[in-house]
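Structure file upload-v7.cif; described as mmCIF, C-alpha atoms.
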```cif
data_query
#
loop_
_atom_site.label_atom_id
_atom_site.label_comp_id
_atom_site.auth_asym_id
_atom_site.auth_seq_id
_atom_site.Cartn_x
_atom_site.Cartn_y
_atom_site.Cartn_z
CA MET S 10 -12.32 -10.37 9.11
CA LYS S 11 -11.87 -10.72 5.37
CA PRO S 12 -14.30 -10.16 2.51
CA PRO S 13 -16.12 -13.26 1.25
CA ARG S 14 -15.45 -14.63 -2.23
CA PHE S 15 -17.06 -12.79 -5.11
CA HIS S 16 -16.57 -12.20 -8.81
CA TYR S 17 -15.05 -8.80 -9.47
CA HIS S 18 -16.03 -6.48 -12.32
CA ASP S 19 -14.55 -3.08 -13.10
CA PRO S 20 -16.56 -1.57 -15.97
CA LYS S 21 -15.46 1.67 -17.60
CA THR S 22 -18.80 3.11 -18.73
CA VAL S 23 -22.30 3.60 -17.33
CA PRO S 24 -23.94 1.42 -20.04
CA GLU S 25 -21.51 -1.37 -19.12
CA VAL S 26 -22.58 -1.08 -15.47
CA VAL S 27 -26.24 -1.21 -16.46
CA GLY S 28 -25.55 -4.26 -18.62
CA LEU S 29 -23.84 -6.04 -15.74
CA LEU S 30 -26.62 -5.14 -13.30
CA LYS S 31 -29.17 -6.53 -15.72
CA THR S 32 -27.46 -9.88 -16.16
CA LEU S 33 -25.61 -10.64 -12.91
CA PRO S 34 -27.55 -12.13 -10.03
CA ASN S 35 -26.91 -10.91 -6.48
CA ALA S 36 -24.58 -8.08 -7.51
CA ARG S 37 -23.51 -5.14 -5.37
CA MET S 38 -21.99 -1.89 -6.57
CA LEU S 39 -18.82 -0.68 -4.86
CA ALA S 40 -18.44 3.11 -4.71
CA GLY S 41 -16.07 4.57 -2.10
CA GLY S 42 -16.33 1.42 -0.01
CA GLN S 43 -16.46 3.16 3.35
CA SER S 44 -19.69 1.35 4.26
CA LEU S 45 -19.74 -1.64 1.91
CA MET S 46 -16.19 -2.77 2.68
CA PRO S 47 -16.83 -3.03 6.44
CA MET S 48 -20.05 -4.89 5.64
CA LEU S 49 -18.09 -7.27 3.40
CA ASN S 50 -15.35 -7.72 5.99
CA MET S 51 -17.97 -8.54 8.62
CA ARG S 52 -19.83 -10.77 6.14
CA LEU S 53 -23.02 -8.77 6.58
CA VAL S 54 -23.37 -8.82 2.79
CA LEU S 55 -22.48 -11.79 0.61
CA PRO S 56 -22.65 -10.68 -3.01
CA ASP S 57 -21.87 -13.12 -5.82
CA HIS S 58 -20.66 -10.20 -7.94
CA LEU S 59 -19.00 -6.95 -6.99
CA ILE S 60 -19.24 -4.16 -9.57
CA ASP S 61 -16.53 -1.61 -8.84
CA LEU S 62 -17.59 1.87 -9.98
CA ASN S 63 -14.19 3.45 -9.35
CA ARG S 64 -13.04 3.13 -12.96
CA VAL S 65 -16.30 4.25 -14.55
CA GLU S 66 -15.71 7.42 -16.56
CA GLY S 67 -17.70 10.60 -16.26
CA LEU S 68 -19.18 10.14 -12.80
CA ALA S 69 -16.91 12.55 -10.89
CA TYR S 70 -17.58 16.26 -11.42
CA ILE S 71 -18.78 19.40 -9.66
CA ARG S 72 -20.29 22.08 -11.88
CA GLU S 73 -22.65 25.03 -11.70
CA THR S 74 -25.41 25.08 -14.26
CA GLY S 75 -28.65 27.02 -14.38
CA GLY S 76 -28.90 27.96 -10.73
CA ALA S 77 -27.91 24.56 -9.44
CA LEU S 78 -24.86 22.57 -8.47
CA GLU S 79 -24.55 19.32 -10.37
CA ILE S 80 -22.36 16.76 -8.71
CA GLY S 81 -21.41 13.34 -10.04
CA ALA S 82 -22.21 10.24 -8.01
CA MET S 83 -18.56 9.16 -7.75
CA THR S 84 -17.33 12.58 -6.63
CA ARG S 85 -15.29 11.98 -3.48
CA GLN S 86 -16.36 13.67 -0.29
CA ARG S 87 -12.85 15.11 -0.25
CA GLU S 88 -13.59 16.95 -3.51
CA LEU S 89 -16.72 18.45 -1.98
CA GLU S 90 -14.72 19.48 1.09
CA PHE S 91 -12.04 21.34 -0.86
CA SER S 92 -14.24 22.65 -3.69
CA GLU S 93 -14.29 26.45 -3.93
CA ILE S 94 -17.58 26.30 -5.86
CA VAL S 95 -19.26 24.29 -3.11
CA ARG S 96 -17.90 26.56 -0.40
CA GLU S 97 -19.04 29.70 -2.17
CA LEU S 98 -22.40 28.65 -3.63
CA CYS S 99 -23.53 25.99 -1.19
CA PRO S 100 -21.82 26.74 2.14
CA MET S 101 -24.21 24.50 4.07
CA MET S 102 -22.87 21.48 2.19
CA HIS S 103 -19.34 22.57 3.07
CA GLU S 104 -20.23 22.86 6.74
CA ALA S 105 -21.90 19.44 6.65
CA ILE S 106 -19.06 17.66 4.84
CA LEU S 107 -16.58 18.62 7.57
CA GLN S 108 -18.70 16.53 9.92
CA VAL S 109 -18.78 13.46 7.65
CA GLY S 110 -16.54 10.73 9.06
CA HIS S 111 -12.83 11.49 9.04
CA ARG S 112 -10.26 12.73 6.57
CA GLN S 113 -9.31 9.15 5.63
CA THR S 114 -12.91 8.15 4.93
CA ARG S 115 -13.75 11.39 3.07
CA ASN S 116 -10.76 10.76 0.80
CA ARG S 117 -12.50 7.63 -0.51
CA GLY S 118 -16.18 8.07 0.32
CA THR S 119 -18.43 9.39 -2.43
CA LEU S 120 -21.59 11.47 -2.66
CA GLY S 121 -23.53 8.77 -4.51
CA GLY S 122 -22.37 6.04 -2.15
CA SER S 123 -23.54 7.98 0.87
CA LEU S 124 -26.95 8.76 -0.67
CA CYS S 125 -27.55 5.14 -1.75
CA GLN S 126 -26.40 3.75 1.59
CA LEU S 127 -29.03 6.13 3.00
CA ASP S 128 -28.00 5.92 6.62
CA PRO S 129 -30.64 7.84 8.62
CA SER S 130 -27.89 9.90 10.28
CA ALA S 131 -25.75 10.58 7.22
CA GLU S 132 -25.00 14.26 6.76
CA LEU S 133 -25.14 14.26 2.95
CA VAL S 134 -28.56 12.61 3.01
CA ALA S 135 -29.86 15.46 5.18
CA VAL S 136 -28.20 18.02 2.89
CA ALA S 137 -29.93 16.54 -0.16
CA ALA S 138 -33.31 16.71 1.60
CA ALA S 139 -32.71 20.27 2.82
CA LEU S 140 -31.83 21.54 -0.66
CA ASP S 141 -34.66 19.68 -2.47
CA ALA S 142 -32.10 17.84 -4.57
CA THR S 143 -32.93 15.72 -7.61
CA VAL S 144 -31.07 12.50 -8.25
CA ALA S 145 -30.38 11.15 -11.72
CA VAL S 146 -30.32 7.41 -12.24
CA ALA S 147 -29.46 5.29 -15.29
CA GLY S 148 -31.01 1.94 -16.08
CA PRO S 149 -31.90 -0.35 -18.97
CA LYS S 150 -34.74 1.96 -20.00
CA GLY S 151 -32.47 5.00 -20.01
CA LYS S 152 -32.20 7.87 -17.59
CA ARG S 153 -34.73 9.17 -15.11
CA GLU S 154 -34.82 11.72 -12.36
CA ILE S 155 -36.17 11.31 -8.85
CA PRO S 156 -36.94 14.20 -6.46
CA PHE S 157 -35.02 13.54 -3.27
CA SER S 158 -38.22 13.62 -1.21
CA GLU S 159 -39.18 10.39 -3.02
CA PHE S 160 -35.72 8.85 -2.96
CA PRO S 161 -35.81 7.12 0.45
CA LYS S 162 -38.12 4.12 0.01
CA THR S 163 -37.70 2.72 3.48
CA TYR S 164 -34.96 2.29 6.06
CA MET S 165 -31.59 2.43 4.26
CA THR S 166 -33.25 1.59 0.95
CA PRO S 167 -33.36 4.02 -1.98
CA ALA S 168 -36.21 4.01 -4.49
CA ILE S 169 -34.09 2.78 -7.36
CA GLU S 170 -34.43 -0.52 -9.17
CA PRO S 171 -31.87 -3.33 -8.81
CA ASP S 172 -30.69 -2.70 -12.39
CA GLU S 173 -30.30 1.07 -11.97
CA LEU S 174 -27.44 3.17 -10.66
CA LEU S 175 -27.28 6.71 -9.37
CA THR S 176 -25.20 8.86 -11.74
CA GLY S 177 -25.51 12.40 -10.42
CA VAL S 178 -27.28 14.80 -8.12
CA ARG S 179 -28.66 18.26 -8.78
CA PHE S 180 -28.74 20.67 -5.84
CA PRO S 181 -30.75 23.86 -6.53
CA LEU S 182 -28.92 26.91 -5.18
CA TRP S 183 -30.34 29.50 -2.81
CA ALA S 184 -30.06 33.27 -3.28
CA LYS S 185 -26.55 34.65 -2.81
CA ASN S 186 -27.28 36.27 0.55
CA HIS S 187 -29.04 33.32 2.17
CA GLY S 188 -28.16 32.16 5.66
CA HIS S 189 -27.16 28.56 6.28
CA ALA S 190 -26.21 26.20 9.07
CA PHE S 191 -25.57 22.51 9.57
CA VAL S 192 -25.27 21.45 13.20
CA GLU S 193 -25.23 18.02 14.75
CA PHE S 194 -24.80 16.19 18.00
CA ALA S 195 -22.57 13.11 18.01
CA ARG S 196 -20.79 11.40 20.85
CA ARG S 197 -17.40 11.93 19.20
CA HIS S 198 -16.25 14.05 16.29
CA GLY S 199 -16.70 12.07 13.08
CA ASP S 200 -19.31 9.68 14.42
CA PHE S 201 -22.67 9.49 12.75
CA ALA S 202 -24.88 12.16 14.30
CA ILE S 203 -27.50 11.11 16.81
CA VAL S 204 -29.46 14.07 15.47
CA SER S 205 -28.44 16.68 12.89
CA ALA S 206 -30.22 19.85 11.78
CA ALA S 207 -29.85 21.80 8.56
CA ALA S 208 -31.32 25.28 8.16
CA LEU S 209 -31.51 27.67 5.22
CA LEU S 210 -33.06 31.16 5.41
CA GLU S 211 -33.78 34.07 3.11
CA GLU S 212 -35.15 37.46 4.21
CA ASP S 213 -37.01 40.13 2.26
CA GLY S 214 -36.00 43.80 2.27
CA GLY S 215 -38.00 44.44 5.44
CA GLY S 216 -36.19 41.75 7.44
CA LYS S 217 -39.03 39.25 7.28
CA ILE S 218 -38.28 35.61 6.55
CA LYS S 219 -39.41 34.87 3.00
CA ARG S 220 -37.97 31.41 2.51
CA ALA S 221 -37.01 28.71 4.99
CA SER S 222 -35.85 25.10 4.96
CA VAL S 223 -35.40 23.09 8.15
CA THR S 224 -34.35 19.44 7.98
CA LEU S 225 -33.61 16.94 10.72
CA GLY S 226 -31.37 13.91 10.24
CA GLY S 227 -31.09 10.94 12.56
CA VAL S 228 -34.62 11.33 13.88
CA ALA S 229 -36.43 8.97 11.53
CA ALA S 230 -35.49 6.46 8.82
CA ALA S 231 -35.37 9.31 6.28
CA PRO S 232 -34.57 13.00 6.79
CA VAL S 233 -37.54 14.99 8.14
CA ARG S 234 -38.37 18.30 6.49
CA VAL S 235 -40.17 20.19 9.26
CA ARG S 236 -42.75 21.97 7.07
CA GLU S 237 -44.83 23.07 10.04
CA LEU S 238 -41.81 24.85 11.49
CA GLU S 239 -40.92 26.40 8.14
CA LYS S 240 -44.48 27.72 7.80
CA ALA S 241 -44.52 29.05 11.36
CA ILE S 242 -41.53 31.34 10.82
CA MET S 243 -42.29 32.51 7.27
CA GLY S 244 -43.38 36.15 7.05
CA HIS S 245 -42.06 36.94 10.51
CA VAL S 246 -39.08 38.95 11.66
CA ALA S 247 -36.57 36.57 13.18
CA SER S 248 -36.15 36.65 16.94
CA ASP S 249 -34.97 34.30 19.66
CA ALA S 250 -38.55 33.97 20.88
CA LEU S 251 -39.87 33.16 17.40
CA PHE S 252 -37.32 30.40 16.81
CA ARG S 253 -37.62 29.01 20.33
CA GLU S 254 -41.38 28.75 20.15
CA ALA S 255 -41.54 27.47 16.57
CA CYS S 256 -38.97 24.72 17.19
CA GLU S 257 -41.08 23.17 19.95
CA VAL S 258 -43.01 21.37 17.21
CA CYS S 259 -39.95 19.14 16.72
CA ARG S 260 -40.70 17.45 20.04
CA LYS S 261 -43.82 15.94 18.47
CA ILE S 262 -42.01 14.20 15.61
CA GLU S 263 -42.20 10.44 15.83
CA ALA S 264 -38.56 9.64 16.55
CA MET S 265 -36.76 6.32 16.32
CA GLN S 266 -34.90 4.78 19.21
CA ASP S 267 -31.84 2.58 19.21
CA VAL S 268 -28.79 1.70 21.26
CA HIS S 269 -27.54 5.30 21.02
CA ALA S 270 -30.58 7.20 22.28
CA PRO S 271 -34.27 6.81 23.17
CA SER S 272 -36.83 8.63 21.05
CA SER S 273 -37.53 11.23 23.76
CA TYR S 274 -33.86 12.26 23.67
CA ARG S 275 -33.94 12.53 19.89
CA GLN S 276 -37.05 14.72 20.12
CA HIS S 277 -35.29 16.95 22.62
CA LEU S 278 -32.21 17.20 20.39
CA ALA S 279 -34.45 17.91 17.39
CA ALA S 280 -35.95 20.96 19.10
CA VAL S 281 -32.62 22.24 20.43
CA LEU S 282 -30.59 21.66 17.27
CA SER S 283 -33.21 23.09 14.90
CA ARG S 284 -33.25 26.26 17.03
CA ARG S 285 -29.45 26.46 17.02
CA ALA S 286 -29.34 25.89 13.28
CA LEU S 287 -31.92 28.64 12.66
CA GLU S 288 -30.11 31.11 14.92
CA LYS S 289 -26.80 30.38 13.22
CA ALA S 290 -28.33 30.57 9.75
CA HIS S 291 -30.02 33.86 10.58
CA ALA S 292 -26.80 35.42 11.85
CA ARG S 293 -25.12 34.46 8.57
CA ILE S 294 -27.71 36.09 6.27
CA GLY S 295 -25.92 38.56 3.98
CA GLY S 296 -22.52 37.09 4.69
CA GLY S 297 -22.36 37.37 8.48
CA ARG S 298 -19.94 34.94 10.05
CA GLY S 299 -22.50 33.60 12.53
CA MET P 18 -11.10 -21.47 -7.38
CA ALA P 19 -10.64 -18.01 -6.01
CA GLU P 20 -10.70 -15.34 -8.69
CA SER P 21 -7.40 -13.55 -9.25
CA ARG P 22 -6.07 -10.63 -11.26
CA ASN P 23 -2.69 -9.24 -12.19
CA ILE P 24 -2.03 -5.77 -10.85
CA THR P 25 0.74 -3.23 -11.16
CA VAL P 26 1.10 -0.95 -8.19
CA THR P 27 3.83 1.41 -7.04
CA VAL P 28 4.59 1.15 -3.33
CA ASN P 29 7.03 3.63 -1.77
CA GLY P 30 8.36 4.38 -5.24
CA LYS P 31 8.91 0.76 -6.22
CA ARG P 32 6.85 -0.88 -8.95
CA HIS P 33 5.32 -4.25 -8.15
CA GLU P 34 3.61 -6.60 -10.57
CA GLN P 35 1.67 -9.19 -8.63
CA GLN P 36 -1.19 -11.60 -8.93
CA VAL P 37 -3.82 -10.98 -6.27
CA GLN P 38 -7.06 -12.60 -5.26
CA VAL P 39 -9.82 -10.11 -6.03
CA ARG P 40 -11.12 -10.26 -2.47
CA LEU P 41 -7.72 -9.43 -0.93
CA THR P 42 -7.70 -6.10 0.88
CA LEU P 43 -4.96 -3.59 0.15
CA ALA P 44 -3.83 -3.94 3.77
CA ASP P 45 -3.37 -7.71 3.50
CA PHE P 46 -1.67 -7.29 0.13
CA LEU P 47 0.89 -4.91 1.65
CA ARG P 48 1.47 -7.07 4.70
CA GLN P 49 1.29 -10.58 3.32
CA GLN P 50 2.31 -10.33 -0.31
CA LEU P 51 4.84 -7.50 -0.12
CA GLY P 52 5.96 -8.20 3.46
CA LEU P 53 5.43 -4.57 4.47
CA THR P 54 4.16 -5.25 7.96
CA GLY P 55 4.58 -1.64 9.10
CA THR P 56 0.95 -1.10 8.12
CA HIS P 57 -1.02 -2.43 11.07
CA LEU P 58 -4.46 -3.96 11.14
CA GLY P 59 -6.56 -3.22 14.19
CA CYS P 60 -10.28 -3.43 13.59
CA GLU P 61 -10.49 -4.35 9.89
CA HIS P 62 -13.68 -2.38 9.48
CA GLY P 63 -12.53 1.20 9.12
CA VAL P 64 -12.79 2.44 12.67
CA CYS P 65 -9.32 2.39 14.25
CA GLY P 66 -7.21 4.01 11.52
CA ALA P 67 -4.14 1.81 12.20
CA CYS P 68 -4.01 0.67 8.56
CA THR P 69 -3.92 4.19 7.10
CA VAL P 70 -1.69 4.51 4.02
CA LEU P 71 -1.46 7.17 1.32
CA LEU P 72 -3.14 6.41 -2.00
CA ASP P 73 -1.91 8.87 -4.62
CA GLY P 74 -0.94 11.13 -1.72
CA ASN P 75 -4.23 10.99 0.18
CA SER P 76 -4.72 9.12 3.45
CA THR P 77 -6.86 6.02 3.03
CA ARG P 78 -7.88 3.10 5.19
CA SER P 79 -6.20 0.17 3.50
CA CYS P 80 -8.60 -2.34 5.13
CA LEU P 81 -11.46 -0.67 3.23
CA MET P 82 -9.91 -1.05 -0.19
CA LEU P 83 -9.24 -4.06 -2.36
CA ALA P 84 -5.75 -4.67 -3.72
CA VAL P 85 -7.19 -4.82 -7.26
CA GLN P 86 -8.43 -1.27 -6.81
CA ALA P 87 -4.85 -0.07 -6.29
CA HIS P 88 -3.92 -1.20 -9.81
CA GLY P 89 -2.21 1.71 -11.55
CA HIS P 90 -2.01 3.78 -8.38
CA GLU P 91 0.74 4.86 -6.00
CA VAL P 92 0.74 3.72 -2.40
CA ALA P 93 2.93 5.11 0.38
CA THR P 94 3.37 3.24 3.66
CA VAL P 95 5.24 4.01 6.86
CA GLU P 96 8.26 2.06 5.55
CA GLY P 97 8.80 4.79 2.99
CA LEU P 98 8.83 7.70 5.43
CA ALA P 99 12.38 7.69 6.78
CA PRO P 100 15.03 8.98 4.36
CA GLY P 101 17.36 6.06 5.17
CA PRO P 102 18.08 3.22 7.59
CA ASP P 103 19.90 5.52 10.03
CA ALA P 104 17.62 8.54 9.80
CA LEU P 105 14.05 9.40 10.73
CA HIS P 106 11.48 11.61 9.07
CA PRO P 107 11.02 14.90 11.03
CA LEU P 108 7.55 13.66 11.98
CA GLN P 109 9.02 10.46 13.42
CA GLU P 110 11.66 12.46 15.31
CA ALA P 111 8.96 14.65 16.78
CA PHE P 112 7.03 11.56 17.91
CA ARG P 113 10.14 10.17 19.61
CA ASP P 114 10.95 13.47 21.33
CA ASN P 115 7.39 14.17 22.51
CA HIS P 116 6.41 10.69 23.68
CA GLY P 117 3.92 10.49 20.82
CA LEU P 118 3.73 6.72 21.20
CA GLN P 119 3.84 4.01 23.80
CA CYS P 120 3.04 0.58 22.39
CA GLY P 121 3.32 1.90 18.84
CA PHE P 122 0.46 -0.07 17.32
CA CYS P 123 -1.47 3.00 16.15
CA THR P 124 1.67 4.95 15.19
CA PRO P 125 2.03 4.00 11.49
CA GLY P 126 -1.55 5.02 10.78
CA ILE P 127 -1.20 8.27 12.68
CA LEU P 128 2.08 9.12 10.95
CA MET P 129 0.59 8.57 7.50
CA THR P 130 -2.50 10.60 8.42
CA LEU P 131 -0.30 13.45 9.64
CA VAL P 132 2.01 13.37 6.62
CA GLU P 133 -0.97 14.25 4.46
CA PHE P 134 -2.46 16.68 6.97
CA LEU P 135 0.74 18.68 7.49
CA ARG P 136 1.27 18.83 3.75
CA ASP P 137 -2.20 20.38 3.30
CA ASN P 138 -2.06 22.46 6.47
CA PRO P 139 1.58 23.22 7.37
CA ASN P 140 0.74 25.52 10.29
CA PRO P 141 -2.20 23.93 12.12
CA THR P 142 -3.82 24.85 15.43
CA GLU P 143 -4.06 22.30 18.21
CA GLN P 144 -7.78 21.91 17.52
CA GLU P 145 -7.12 21.23 13.83
CA VAL P 146 -4.60 18.53 14.77
CA ARG P 147 -7.13 16.91 17.09
CA VAL P 148 -9.74 16.86 14.30
CA ALA P 149 -7.17 15.51 11.83
CA ILE P 150 -6.36 12.50 14.03
CA SER P 151 -9.98 11.94 15.09
CA GLY P 152 -10.05 8.89 12.82
CA ASN P 153 -7.12 7.20 14.57
CA LEU P 154 -7.59 5.42 17.86
CA CYS P 155 -4.75 5.29 20.42
CA ARG P 156 -5.31 3.45 23.70
CA CYS P 157 -1.98 4.31 25.36
CA THR P 158 -1.13 7.98 25.18
CA GLY P 159 -4.34 9.86 25.82
CA TYR P 160 -3.35 11.74 22.64
CA GLN P 161 -1.50 14.55 24.46
CA GLY P 162 1.91 13.41 23.27
CA ILE P 163 0.61 12.80 19.76
CA VAL P 164 -0.85 16.31 19.50
CA ALA P 165 2.37 17.81 20.89
CA ALA P 166 4.41 15.76 18.42
CA ALA P 167 2.27 16.87 15.48
CA LEU P 168 2.61 20.55 16.41
CA ASP P 169 6.35 20.10 16.94
CA ALA P 170 6.66 18.31 13.60
CA ALA P 171 4.85 21.16 11.87
CA LYS P 172 7.53 23.54 13.16
CA ARG P 173 10.36 21.20 12.18
CA LEU P 174 8.96 20.71 8.69
CA GLN P 175 8.56 24.47 8.23
CA THR P 176 12.12 25.28 9.24
CA GLY P 177 13.19 22.35 7.09
CA LYS P 178 15.23 20.64 9.78
CA GLY P 179 14.78 18.72 12.99
CA PRO P 180 17.08 19.19 15.98
CA SER P 181 19.21 16.23 15.00
CA ALA P 182 18.98 16.76 11.25
#
```

Show how you would write the structure in this file as structure tokens.
Amino acid sequence: MKPPRFHYHDPKTVPEVVGLLKTLPNARMLAGGQSLMPMLNMRLVLPDHLIDLNRVEGLAYIRETGGALEIGAMTRQRELEFSEIVRELCPMMHEAILQVGHRQTRNRGTLGGSLCQLDPSAELVAVAAALDATVAVAGPKGKREIPFSEFPKTYMTPAIEPDELLTGVRFPLWAKNHGHAFVEFARRHGDFAIVSAAALLEEDGGGKIKRASVTLGGVAAAPVRVRELEKAIMGHVASDALFREACEVCRKIEAMQDVHAPSSYRQHLAAVLSRRALEKAHARIGGGRG
Amino acid sequence: MAESRNITVTVNGKRHEQQVQVRLTLADFLRQQLGLTGTHLGCEHGVCGACTVLLDGNSTRSCLMLAVQAHGHEVATVEGLAPGPDALHPLQEAFRDNHGLQCGFCTPGILMTLVEFLRDNPNPTEQEVRVAISGNLCRCTGYQGIVAAALDAAKRLQTGKGPSA
């Protein structure tokens, strides 16, 4: 299994990449290569041109600005894993990244690559949906921003044009004392999740839930924000009964089926994992270890 | 005509200037052009971990990288582990003493993975070792010997000497 023939380009700047995308027919961008390289080796993709983004300057950074984390598209998953800023300000992303592939794949794999590959079960895709991220893309007409809720166009296809590239992602931060959890069920550690659940919670002074985010990965083509569940728990004091009852709604989500699991199993996992994520997140509010 | 490029890459401390086809993987470059066949190729799509090498010190699947991408970088392979022809790296000694291998096909990839892991985490728990090698498939050992070897190696590396060193 060897990659097919292609013309190789290694631009140094974003405008150069945009220029190449505009002029080259049947081009693919190579980020960390942890999905595209297997696809090339198996000849599932046959690009005429490969545009390697690994030498493009200014696409790898993690910084806090104005209540958000801004992360460059070519930031390696390894950098997210070992980043003190991520761990401290966005602990849910840290918990999720430890479940992304393996050490060897995180050392190469990138944030932008994972989001553009848009695997329904990818952890970082679910994280972006849970945090209401905004992605920045560059193209011939300049830069534009896309709310993550509009980013998945269809199965494994982002809503960016063929001559655009993702340059960075903005993750709005939650209040310092928020509770978080990212849980998933996979057959083996490091596999793509069959279903994953991300939960974020904030409480008011009286112990009532004042803000909630619950997201399911692996259930449908794109991550599912369970708004009905979020609404059902808002304004209430958290309890096992509240979470258990509210999470039942996840069994009604239209779930996909494939070789790994039928839709009924995914619906079951969705209800169980969303409850576990909420319980864990709640126990961690205010810095509890959960 | 297949497209080619000239690259300069340091492998196990030695600088190589070579012409490579742009579609050549790093793994095939190491094996076929440099003759370093210690790096094994199992699945060639990033699942088995046999081809793991260090790129600038970090473990990487060399079947999922192109040789041209290694231009200007440092690669370390299993050939560079032992300090000399008559000596083994403490990690290799621990594998020998704990039956950490049978057929040996997966061993180079696991060694390179553990070199990085034990550098970052010199005193790991058994569970941490199991997670660290989760990206390396072994069909012989059932992993018990590998985990034991990794924990033993951690001790040897901390005291700075193996039993025979």

Starting from the PyMOL selection byres ((chain P) within 6 of (chain S)), expand the selection into actual residues of this file and give them as a ChimeraX atom specification. /P:40,62,76-77,81,152

If you keep C-alpha atoms, can you produce a file of those selected residues as a CSV table (one decimal), in the frame of the given file?
```csv
chain,number,residue,atom,x,y,z
P,40,ARG,CA,-11.1,-10.3,-2.5
P,62,HIS,CA,-13.7,-2.4,9.5
P,76,SER,CA,-4.7,9.1,3.4
P,77,THR,CA,-6.9,6.0,3.0
P,81,LEU,CA,-11.5,-0.7,3.2
P,152,GLY,CA,-10.0,8.9,12.8
```

Who sits within 8 Å of Asn153 (chain P), all atoms listed in the file, same chain under 2 positions skipped, as a list in words: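 Counting all atoms listed in the file, the residues come to Val64, Cys65, Gly66, Ala67, Cys123, Gly126, Ile127, Ile150, Ser151 and Cys155 of chain P.
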
Quick one: residues within 10 Å of (-30.0, 11.8, 20.7) (file frame), counting only C-alpha atoms, please, as a ChimeraX atom specification. /S:193-196,202-205,227-228,264-267,269-279

On this structure, the PyMOL selection byres ((chain P and resi 58) around 6) would catch which residues? List them as a compact mmCIF listing (two decimals) with C-alpha atoms, in the frame of the given file, sorted by chain and number.
```
# COMPACT_ATOMS: atom_id res chain seq x y z
CA HIS P 57 -1.02 -2.43 11.07
CA GLY P 59 -6.56 -3.22 14.19
CA ALA P 67 -4.14 1.81 12.20
CA CYS P 68 -4.01 0.67 8.56
```

When the PyMOL selection byres ((chain S and resi 239) around 9) is applied to the file above, which residues end up in the set, as a PyMOL selection string? chain S and resi 220-223+234-238+240-243+255

Do you know which residues lie at most 9 Å from (-22.6, 24.9, 5.1), with coordinates as in the file and all atoms listed in the file counted, and could you write them as a list in words? Val95, Arg96, Cys99, Pro100, Met101, Met102, His103, Glu104, Ala105, Ile106, His189, Ala190, Phe191 and Ala207 of chain S

Select, from P:Gln109, P:Asn115, P:Thr69, P:Asn140, the residue with the minimum atom-to-atom distance to Thr176 (chain P), counting all atoms listed in the file.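 Among P:Gln109, P:Asn115, P:Thr69, P:Asn140, it is P:Asn140 that comes nearest to Thr176 (chain P).
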
Any idea what's packed within 12 Å of Thr158 (chain P), counting all atoms listed in the file, ignoring anything in its chain fewer than 6 positions away? Could you give it as a ChimeraX atom specification? /P:112,115-124,164-166

Looking at S:Arg179, S:Arg52, S:Lys21, S:Lys162, which one is nearest to Gly81 (chain S), with distances taken over only C-alpha atoms? S:Arg179

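The smallest atom-to-atom distance between Thr42 (chain P) and any of P:Ser79, P:Gly63, P:Thr54, P:Gln175, using all atoms listed in the file, is found for P:Ser79.
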
Grab the CA of Val134 (chain S) to CA of Ile294 (chain S) distance for me, in Å with one decimal place.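 About the pair CA of Val134 (chain S) and CA of Ile294 (chain S): they are 23.7 Å apart.
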
Pick out the residues sitting within 6 Å of region 282-290 of chain S, and hand them over as a list in words; count only C-alpha atoms, and ignore anything fewer than 5 positions along from it in its own chain.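 Listing them by chain and then by number gives Gly188, His189, Ala190, Ala206, Ala208, Phe252, Cys256 and Gly299 of chain S.
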
Considering only C-alpha atoms, return as a PDB file with C-alpha atoms, in the frame of the given file whatever protein or nucleic-acid residues lie within 10 Å of Thr143 (chain S), sequence-local ones (same chain, fewer than 4 positions apart) excluded.
```pdb
ATOM      1  CA  GLU S  79     -24.550  19.320 -10.370  1.00  0.00           C
ATOM      2  CA  ALA S 137     -29.930  16.540  -0.160  1.00  0.00           C
ATOM      3  CA  ALA S 138     -33.310  16.710   1.600  1.00  0.00           C
ATOM      4  CA  GLU S 154     -34.820  11.720 -12.360  1.00  0.00           C
ATOM      5  CA  ILE S 155     -36.170  11.310  -8.850  1.00  0.00           C
ATOM      6  CA  PRO S 156     -36.940  14.200  -6.460  1.00  0.00           C
ATOM      7  CA  PHE S 157     -35.020  13.540  -3.270  1.00  0.00           C
ATOM      8  CA  SER S 158     -38.220  13.620  -1.210  1.00  0.00           C
ATOM      9  CA  GLU S 159     -39.180  10.390  -3.020  1.00  0.00           C
ATOM     10  CA  PHE S 160     -35.720   8.850  -2.960  1.00  0.00           C
ATOM     11  CA  GLY S 177     -25.510  12.400 -10.420  1.00  0.00           C
ATOM     12  CA  VAL S 178     -27.280  14.800  -8.120  1.00  0.00           C
ATOM     13  CA  ARG S 179     -28.660  18.260  -8.780  1.00  0.00           C
ATOM     14  CA  PHE S 180     -28.740  20.670  -5.840  1.00  0.00           C
ATOM     15  CA  PRO S 181     -30.750  23.860  -6.530  1.00  0.00           C
TER      16      PRO S 181
END
```

Mind giving me the straight-line distance from CA of Gln35 (chain P) to CA of Ala87 (chain P) in Å, one decimal?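 Answer for the CA of Gln35 (chain P) to CA of Ala87 (chain P) separation: 11.5 Å.
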
Å distance separating CA of Glu145 (chain P) from CA of Val92 (chain P), one decimal place: 25.1 Å

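Candidate residues P:Cys60, P:Ala111, P:Leu83, P:Leu51 were compared for distance to Gln38 (chain P), and the nearest is P:Leu83, using all atoms listed in the file.
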